[in-house]
Amino acid sequence: MIARMATNPLPQFPPGFLWGVSTSAHQIEGAADERDPSVWDAFTAEPGRIKDGSTAEVACDHYHRYPEDVALLAGLGVDAYRFSVSWPRVNSPGGLDFYDRLVDELCTAGVRPVPTLFHWDLPLELDWLSRDTAARFADHAAVVAERLGDRVKKWITLNEPAEHTLLGHALGAHAPGRRLLFDALPVAHHQLLAHGLAVRALRAAGADDIGIANSHGPTWAASRRTADVEAADFYDALLNRLFADPLLLGRYPEGIGELLPGDVEADLKVIAEPLDWYGVNYYQPTKVGAPEGAEIEFSGLTLPADLPFSVRELEGYPVTDFGWPVVPEALTELLVGLRERYGDRLPPVVITENGCSYEGIDDQERIAFLDGHVRALHRALEQGVDVRGYFVWSLMDNFEWAEGYARRFGLVHVDYDTLERTPKASYTWLRDALRAQARR
């Protein structure tokens, strides 16, 4: 497949800049009968939870086909592969053997393994409302580091605790399917505490290249009206600062800490363990205004009427097949804003996810999306933001959580009947772009 879209060469990135792609265990591995159950297994078994009624029991069958997928990574020419380690699989007999084999295969192919220790697939017997789960997660981190730490040098603790809190525990759209609204705040705190304890466990195992993958996007007020600005500030605190301030500043946004359980001040000392780099997952900005007194449909979610803000449609931009606005310049704004907000408390940044949902193998829209966002990332570099890497979401089409198999984010097309992999035009485009970077 030849990428036909005519684009100028990408700007040159600094030597050592890390280029990679990302996946997650539950979305691609399959082999569900060879691991312990997770909250997602229980969630998908409930009628109506997944839009197309599918499950991840087979998914892309990466568990059995990983050599083929590592060959795709090698052919793409990326430096690194971000995958997640399934906690339920690690808990099952021989579960770590799979990751041993995968890491060996990656190292042989010259692709750096970058595991994420938690990407939403919580073991079924655990609950983030319980503080004990944070300690259990630290044990999980220690077990994985002991087994893989001789070959794995770069680690990620958690993926998107904001989304796991909001979608899984506040709105009920993801596993475990709770609708607690603001009573879900302890879930956020316990995940952050788990991160800090895991950082300590990884350090004890000798790791010195540790980050987290937090989701971030600019929040744009619907107008300059005071009510809209205040609502946007609250939303930004809830979705952005709640998960960055404790890590980088050692405190929660004003008014939130007193809503959390336990000795929060003591916990913050753990949560704020120094990071070697800070991961940012970016997809879109959000337009927010004052509450409108009615339920709102947004990105496939139903937002309750009694929230202290309303999410508005962002007009005037192209959208992906998921309906998400495509705004590359907001990535520049986000990164410059993080540097301005956190100053020297902000470690070097890695974009740990950025991607889009489009149908088709000749995916020119995805090429345009990636081209625009890589250029936006380079503009942030030019403005002094210390960005060290960029990971595309995702290597291959996969089980897209509550959407099932209806959304395709991959550089590689997966036929879910035959499991045949077919590189898309975007795969070829990225391969050629990385070759051009290496030649300069």
# chains A, B, ... in the order shown; residues from 1 in each chain; ligands from 1

call {"tool": "closest_atom_pairs", "arguments": {"of": "range 211-304 of chain A", "to": "range 194-202 of chain A", "cutoff": "7 Å", "atoms": "only C-alpha atoms", "output": "tab-separated table"}}
result
residue	atom	partner	partner_atom	distance
A:Val270	CA	A:Gly196	CA	5.0
A:Ile271	CA	A:Gly196	CA	4.2
A:Ala272	CA	A:Gly196	CA	6.6
A:Glu273	CA	A:Gly196	CA	5.8

call {"tool": "closest_atom_pairs", "arguments": {"of": "range 77-118 of chain A", "to": "range 341-357 of chain A", "cutoff": "12 Å", "atoms": "only C-alpha atoms", "output": "CSV"}}
result
residue,atom,partner,partner_atom,distance
A:Ala80,CA,A:Thr352,CA,11.0
A:Tyr81,CA,A:Thr352,CA,10.4
A:Arg82,CA,A:Thr352,CA,8.0
A:Phe83,CA,A:Thr352,CA,10.7
A:Val114,CA,A:Thr352,CA,10.2
A:Pro115,CA,A:Thr352,CA,11.4
A:Thr116,CA,A:Thr352,CA,10.4

call {"tool": "residues_around", "arguments": {"residues": "range 250-265 of chain A", "least_positions_apart": "3", "cutoff": "12 Å", "atoms": "only C-alpha atoms", "output": "NGL selection string"}}
result
:A and (129-132 or 182-190 or 192-193 or 196 or 233-247 or 268-274 or 342 or 345)

call {"tool": "select_by_dssp", "arguments": {"residues": "range 247-361 of chain A", "states": "strand (DSSP E)", "output": "PDB file with N, CA, C and O atoms, in the first residue's frame"}}
result
ATOM      1  N   TYR A 278       6.641  12.597  31.822  1.00  0.00           N
ATOM      2  CA  TYR A 278       5.196  12.718  32.011  1.00  0.00           C
ATOM      3  C   TYR A 278       4.501  12.399  30.698  1.00  0.00           C
ATOM      4  O   TYR A 278       4.733  13.045  29.675  1.00  0.00           O
ATOM      5  N   GLY A 279       3.652  11.358  30.710  1.00  0.00           N
ATOM      6  CA  GLY A 279       2.950  10.937  29.509  1.00  0.00           C
ATOM      7  C   GLY A 279       1.636  11.673  29.330  1.00  0.00           C
ATOM      8  O   GLY A 279       0.874  11.856  30.280  1.00  0.00           O
ATOM      9  N   VAL A 280       1.378  12.091  28.097  1.00  0.00           N
ATOM     10  CA  VAL A 280       0.151  12.809  27.749  1.00  0.00           C
ATOM     11  C   VAL A 280      -0.565  12.059  26.628  1.00  0.00           C
ATOM     12  O   VAL A 280       0.007  11.845  25.559  1.00  0.00           O
ATOM     13  N   ASN A 281      -1.806  11.650  26.877  1.00  0.00           N
ATOM     14  CA  ASN A 281      -2.684  11.129  25.834  1.00  0.00           C
ATOM     15  C   ASN A 281      -3.564  12.277  25.365  1.00  0.00           C
ATOM     16  O   ASN A 281      -4.320  12.849  26.167  1.00  0.00           O
ATOM     17  N   THR A 286     -12.143  20.341  24.557  1.00  0.00           N
ATOM     18  CA  THR A 286     -13.549  20.253  24.957  1.00  0.00           C
ATOM     19  C   THR A 286     -14.095  21.651  25.197  1.00  0.00           C
ATOM     20  O   THR A 286     -13.478  22.466  25.884  1.00  0.00           O
ATOM     21  N   LYS A 287     -15.256  21.908  24.623  1.00  0.00           N
ATOM     22  CA  LYS A 287     -15.949  23.187  24.819  1.00  0.00           C
ATOM     23  C   LYS A 287     -16.957  23.014  25.948  1.00  0.00           C
ATOM     24  O   LYS A 287     -17.790  22.100  25.924  1.00  0.00           O
ATOM     25  N   VAL A 288     -16.882  23.882  26.945  1.00  0.00           N
ATOM     26  CA  VAL A 288     -17.672  23.710  28.166  1.00  0.00           C
ATOM     27  C   VAL A 288     -18.354  25.025  28.521  1.00  0.00           C
ATOM     28  O   VAL A 288     -17.763  26.103  28.405  1.00  0.00           O
ATOM     29  N   GLY A 289     -19.602  24.922  28.962  1.00  0.00           N
ATOM     30  CA  GLY A 289     -20.345  26.090  29.411  1.00  0.00           C
ATOM     31  C   GLY A 289     -21.118  25.807  30.680  1.00  0.00           C
ATOM     32  O   GLY A 289     -21.032  24.714  31.262  1.00  0.00           O
ATOM     33  N   ILE A 296     -27.298  15.672  28.310  1.00  0.00           N
ATOM     34  CA  ILE A 296     -26.552  16.017  27.106  1.00  0.00           C
ATOM     35  C   ILE A 296     -25.955  14.746  26.525  1.00  0.00           C
ATOM     36  O   ILE A 296     -25.373  13.931  27.255  1.00  0.00           O
ATOM     37  N   GLU A 297     -26.080  14.570  25.224  1.00  0.00           N
ATOM     38  CA  GLU A 297     -25.411  13.484  24.524  1.00  0.00           C
ATOM     39  C   GLU A 297     -24.079  14.008  24.009  1.00  0.00           C
ATOM     40  O   GLU A 297     -24.028  14.984  23.255  1.00  0.00           O
ATOM     41  N   PHE A 298     -22.991  13.364  24.433  1.00  0.00           N
ATOM     42  CA  PHE A 298     -21.660  13.838  24.045  1.00  0.00           C
ATOM     43  C   PHE A 298     -20.747  12.640  23.861  1.00  0.00           C
ATOM     44  O   PHE A 298     -20.560  11.844  24.782  1.00  0.00           O
ATOM     45  N   LEU A 301     -21.895   9.463  25.090  1.00  0.00           N
ATOM     46  CA  LEU A 301     -22.242   9.422  26.512  1.00  0.00           C
ATOM     47  C   LEU A 301     -23.492  10.238  26.776  1.00  0.00           C
ATOM     48  O   LEU A 301     -23.769  11.215  26.073  1.00  0.00           O
ATOM     49  N   THR A 302     -24.221   9.858  27.798  1.00  0.00           N
ATOM     50  CA  THR A 302     -25.332  10.668  28.286  1.00  0.00           C
ATOM     51  C   THR A 302     -24.892  11.316  29.583  1.00  0.00           C
ATOM     52  O   THR A 302     -24.674  10.640  30.595  1.00  0.00           O
ATOM     53  N   LEU A 303     -24.718  12.645  29.549  1.00  0.00           N
ATOM     54  CA  LEU A 303     -24.281  13.375  30.732  1.00  0.00           C
ATOM     55  C   LEU A 303     -25.492  13.855  31.506  1.00  0.00           C
ATOM     56  O   LEU A 303     -26.414  14.441  30.927  1.00  0.00           O
ATOM     57  N   SER A 310     -21.852  22.010  31.362  1.00  0.00           N
ATOM     58  CA  SER A 310     -22.403  21.302  30.200  1.00  0.00           C
ATOM     59  C   SER A 310     -21.331  21.272  29.120  1.00  0.00           C
ATOM     60  O   SER A 310     -20.609  22.242  28.920  1.00  0.00           O
ATOM     61  N   VAL A 311     -21.212  20.137  28.448  1.00  0.00           N
ATOM     62  CA  VAL A 311     -20.256  19.987  27.359  1.00  0.00           C
ATOM     63  C   VAL A 311     -20.973  20.309  26.055  1.00  0.00           C
ATOM     64  O   VAL A 311     -22.040  19.766  25.772  1.00  0.00           O
ATOM     65  N   ARG A 312     -20.390  21.210  25.267  1.00  0.00           N
ATOM     66  CA  ARG A 312     -21.033  21.705  24.055  1.00  0.00           C
ATOM     67  C   ARG A 312     -20.346  21.142  22.805  1.00  0.00           C
ATOM     68  O   ARG A 312     -19.175  20.747  22.848  1.00  0.00           O
ATOM     69  N   VAL A 349       8.182  15.532  28.531  1.00  0.00           N
ATOM     70  CA  VAL A 349       6.874  15.019  28.141  1.00  0.00           C
ATOM     71  C   VAL A 349       7.022  13.998  27.017  1.00  0.00           C
ATOM     72  O   VAL A 349       7.855  14.152  26.121  1.00  0.00           O
ATOM     73  N   VAL A 350       6.206  12.950  27.076  1.00  0.00           N
ATOM     74  CA  VAL A 350       6.068  11.999  25.981  1.00  0.00           C
ATOM     75  C   VAL A 350       4.589  11.921  25.623  1.00  0.00           C
ATOM     76  O   VAL A 350       3.744  11.759  26.516  1.00  0.00           O
ATOM     77  N   ILE A 351       4.257  12.065  24.343  1.00  0.00           N
ATOM     78  CA  ILE A 351       2.877  11.839  23.904  1.00  0.00           C
ATOM     79  C   ILE A 351       2.682  10.329  23.844  1.00  0.00           C
ATOM     80  O   ILE A 351       3.209   9.664  22.955  1.00  0.00           O
ATOM     81  N   THR A 352       1.946   9.796  24.793  1.00  0.00           N
ATOM     82  CA  THR A 352       1.796   8.346  24.915  1.00  0.00           C
ATOM     83  C   THR A 352       0.622   7.800  24.107  1.00  0.00           C
ATOM     84  O   THR A 352       0.539   6.581  23.907  1.00  0.00           O
ATOM     85  N   GLU A 353      -0.288   8.674  23.679  1.00  0.00           N
ATOM     86  CA  GLU A 353      -1.351   8.290  22.750  1.00  0.00           C
ATOM     87  C   GLU A 353      -1.773   9.504  21.943  1.00  0.00           C
ATOM     88  O   GLU A 353      -1.936  10.602  22.492  1.00  0.00           O
TER      89      GLU A 353
END

call {"tool": "residues_around", "arguments": {"residues": "Gly53 in chain A", "least_positions_apart": "2", "cutoff": "10 Å", "atoms": "only C-alpha atoms", "output": "MDAnalysis selection string"}}
result
chainID A and resid 44:51 55 402:405

call {"tool": "write_last_selection", "arguments": {"atoms": "all heavy atoms", "output": "compact mmCIF listing (two decimals), in the first residue's frame"}}
result
# COMPACT_ATOMS: atom_id res chain seq x y z
N THR A 44 -18.90 -6.73 29.87
CA THR A 44 -19.35 -7.09 28.53
C THR A 44 -20.39 -8.21 28.54
O THR A 44 -21.15 -8.37 27.58
CB THR A 44 -18.16 -7.52 27.64
OG1 THR A 44 -17.45 -8.60 28.28
CG2 THR A 44 -17.20 -6.38 27.42
N ALA A 45 -20.43 -8.98 29.61
CA ALA A 45 -21.43 -10.05 29.72
C ALA A 45 -22.83 -9.52 30.02
O ALA A 45 -23.82 -10.24 29.87
CB ALA A 45 -21.01 -11.04 30.80
N GLU A 46 -22.94 -8.25 30.43
CA GLU A 46 -24.24 -7.65 30.72
C GLU A 46 -24.86 -7.15 29.43
O GLU A 46 -24.26 -6.35 28.71
CB GLU A 46 -24.08 -6.49 31.72
CG GLU A 46 -23.53 -6.92 33.07
CD GLU A 46 -23.31 -5.72 33.99
OE1 GLU A 46 -23.89 -4.65 33.71
OE2 GLU A 46 -22.56 -5.87 34.97
N PRO A 47 -26.06 -7.59 29.09
CA PRO A 47 -26.71 -7.17 27.83
C PRO A 47 -26.80 -5.65 27.73
O PRO A 47 -27.12 -4.96 28.70
CB PRO A 47 -28.09 -7.81 27.91
CG PRO A 47 -27.93 -8.97 28.84
CD PRO A 47 -26.90 -8.54 29.84
N GLY A 48 -26.49 -5.15 26.54
CA GLY A 48 -26.62 -3.72 26.27
C GLY A 48 -25.43 -2.87 26.63
O GLY A 48 -25.40 -1.68 26.32
N ARG A 49 -24.44 -3.45 27.27
CA ARG A 49 -23.28 -2.66 27.68
C ARG A 49 -22.38 -2.29 26.49
O ARG A 49 -21.82 -1.20 26.44
CB ARG A 49 -22.46 -3.42 28.72
CG ARG A 49 -23.11 -3.54 30.07
CD ARG A 49 -23.28 -2.20 30.76
NE ARG A 49 -23.48 -2.33 32.20
CZ ARG A 49 -23.62 -1.31 33.03
NH1 ARG A 49 -23.59 -0.08 32.56
NH2 ARG A 49 -23.78 -1.51 34.33
N ILE A 50 -22.20 -3.24 25.55
CA ILE A 50 -21.33 -3.02 24.41
C ILE A 50 -22.22 -2.80 23.18
O ILE A 50 -23.12 -3.60 22.92
CB ILE A 50 -20.38 -4.22 24.19
CG1 ILE A 50 -19.63 -4.54 25.49
CG2 ILE A 50 -19.41 -3.93 23.05
CD1 ILE A 50 -18.80 -3.41 26.05
N LYS A 51 -21.96 -1.76 22.43
CA LYS A 51 -22.90 -1.32 21.40
C LYS A 51 -23.16 -2.37 20.34
O LYS A 51 -24.28 -2.46 19.82
CB LYS A 51 -22.41 -0.01 20.78
CG LYS A 51 -22.50 1.14 21.76
CD LYS A 51 -22.20 2.47 21.13
CE LYS A 51 -22.38 3.60 22.16
NZ LYS A 51 -22.03 4.92 21.60
N THR A 55 -17.50 -9.08 22.47
CA THR A 55 -16.62 -9.23 23.63
C THR A 55 -15.18 -9.20 23.14
O THR A 55 -14.90 -9.24 21.95
CB THR A 55 -16.87 -10.54 24.38
OG1 THR A 55 -16.29 -11.62 23.63
CG2 THR A 55 -18.36 -10.81 24.59
N ALA A 402 -16.54 0.16 25.03
CA ALA A 402 -18.00 0.10 24.92
C ALA A 402 -18.49 0.18 23.48
O ALA A 402 -19.64 -0.15 23.20
CB ALA A 402 -18.64 1.22 25.75
N GLU A 403 -17.63 0.60 22.56
CA GLU A 403 -18.00 0.65 21.15
C GLU A 403 -17.86 -0.71 20.47
O GLU A 403 -18.26 -0.87 19.31
CB GLU A 403 -17.13 1.67 20.41
CG GLU A 403 -17.30 3.09 20.89
CD GLU A 403 -18.65 3.67 20.51
OE1 GLU A 403 -19.10 3.43 19.38
OE2 GLU A 403 -19.24 4.38 21.35
N GLY A 404 -17.25 -1.68 21.14
CA GLY A 404 -17.01 -2.97 20.51
C GLY A 404 -16.03 -2.84 19.36
O GLY A 404 -14.99 -2.19 19.47
N TYR A 405 -16.37 -3.42 18.23
CA TYR A 405 -15.47 -3.39 17.06
C TYR A 405 -15.93 -2.37 16.01
O TYR A 405 -15.51 -2.42 14.86
CB TYR A 405 -15.37 -4.79 16.45
CG TYR A 405 -14.73 -5.77 17.40
CD1 TYR A 405 -15.51 -6.66 18.13
CD2 TYR A 405 -13.35 -5.77 17.62
CE1 TYR A 405 -14.94 -7.55 19.03
CE2 TYR A 405 -12.78 -6.64 18.52
CZ TYR A 405 -13.57 -7.53 19.22
OH TYR A 405 -12.99 -8.39 20.13

call {"tool": "select_by_dssp", "arguments": {"residues": "range 147-307 of chain A", "states": "alpha helix (DSSP H)", "output": "VMD selection string"}}
result
chain A and resid 147 to 148 161 to 165 185 to 204 226 to 236 242 to 248 264 to 271

call {"tool": "closest_atom_pairs", "arguments": {"of": "range 329-408 of chain A", "to": "range 21-37 of chain A", "cutoff": "6 Å", "atoms": "only C-alpha atoms", "output": "CSV"}}
result
residue,atom,partner,partner_atom,distance
A:Phe391,CA,A:Val21,CA,4.5
A:Val392,CA,A:Val21,CA,4.5
A:Trp393,CA,A:Ser22,CA,5.2
A:Ser394,CA,A:Ser22,CA,5.1
A:Leu395,CA,A:Val21,CA,5.6
A:Asn398,CA,A:Gln27,CA,5.5
A:Phe399,CA,A:Gln27,CA,4.6
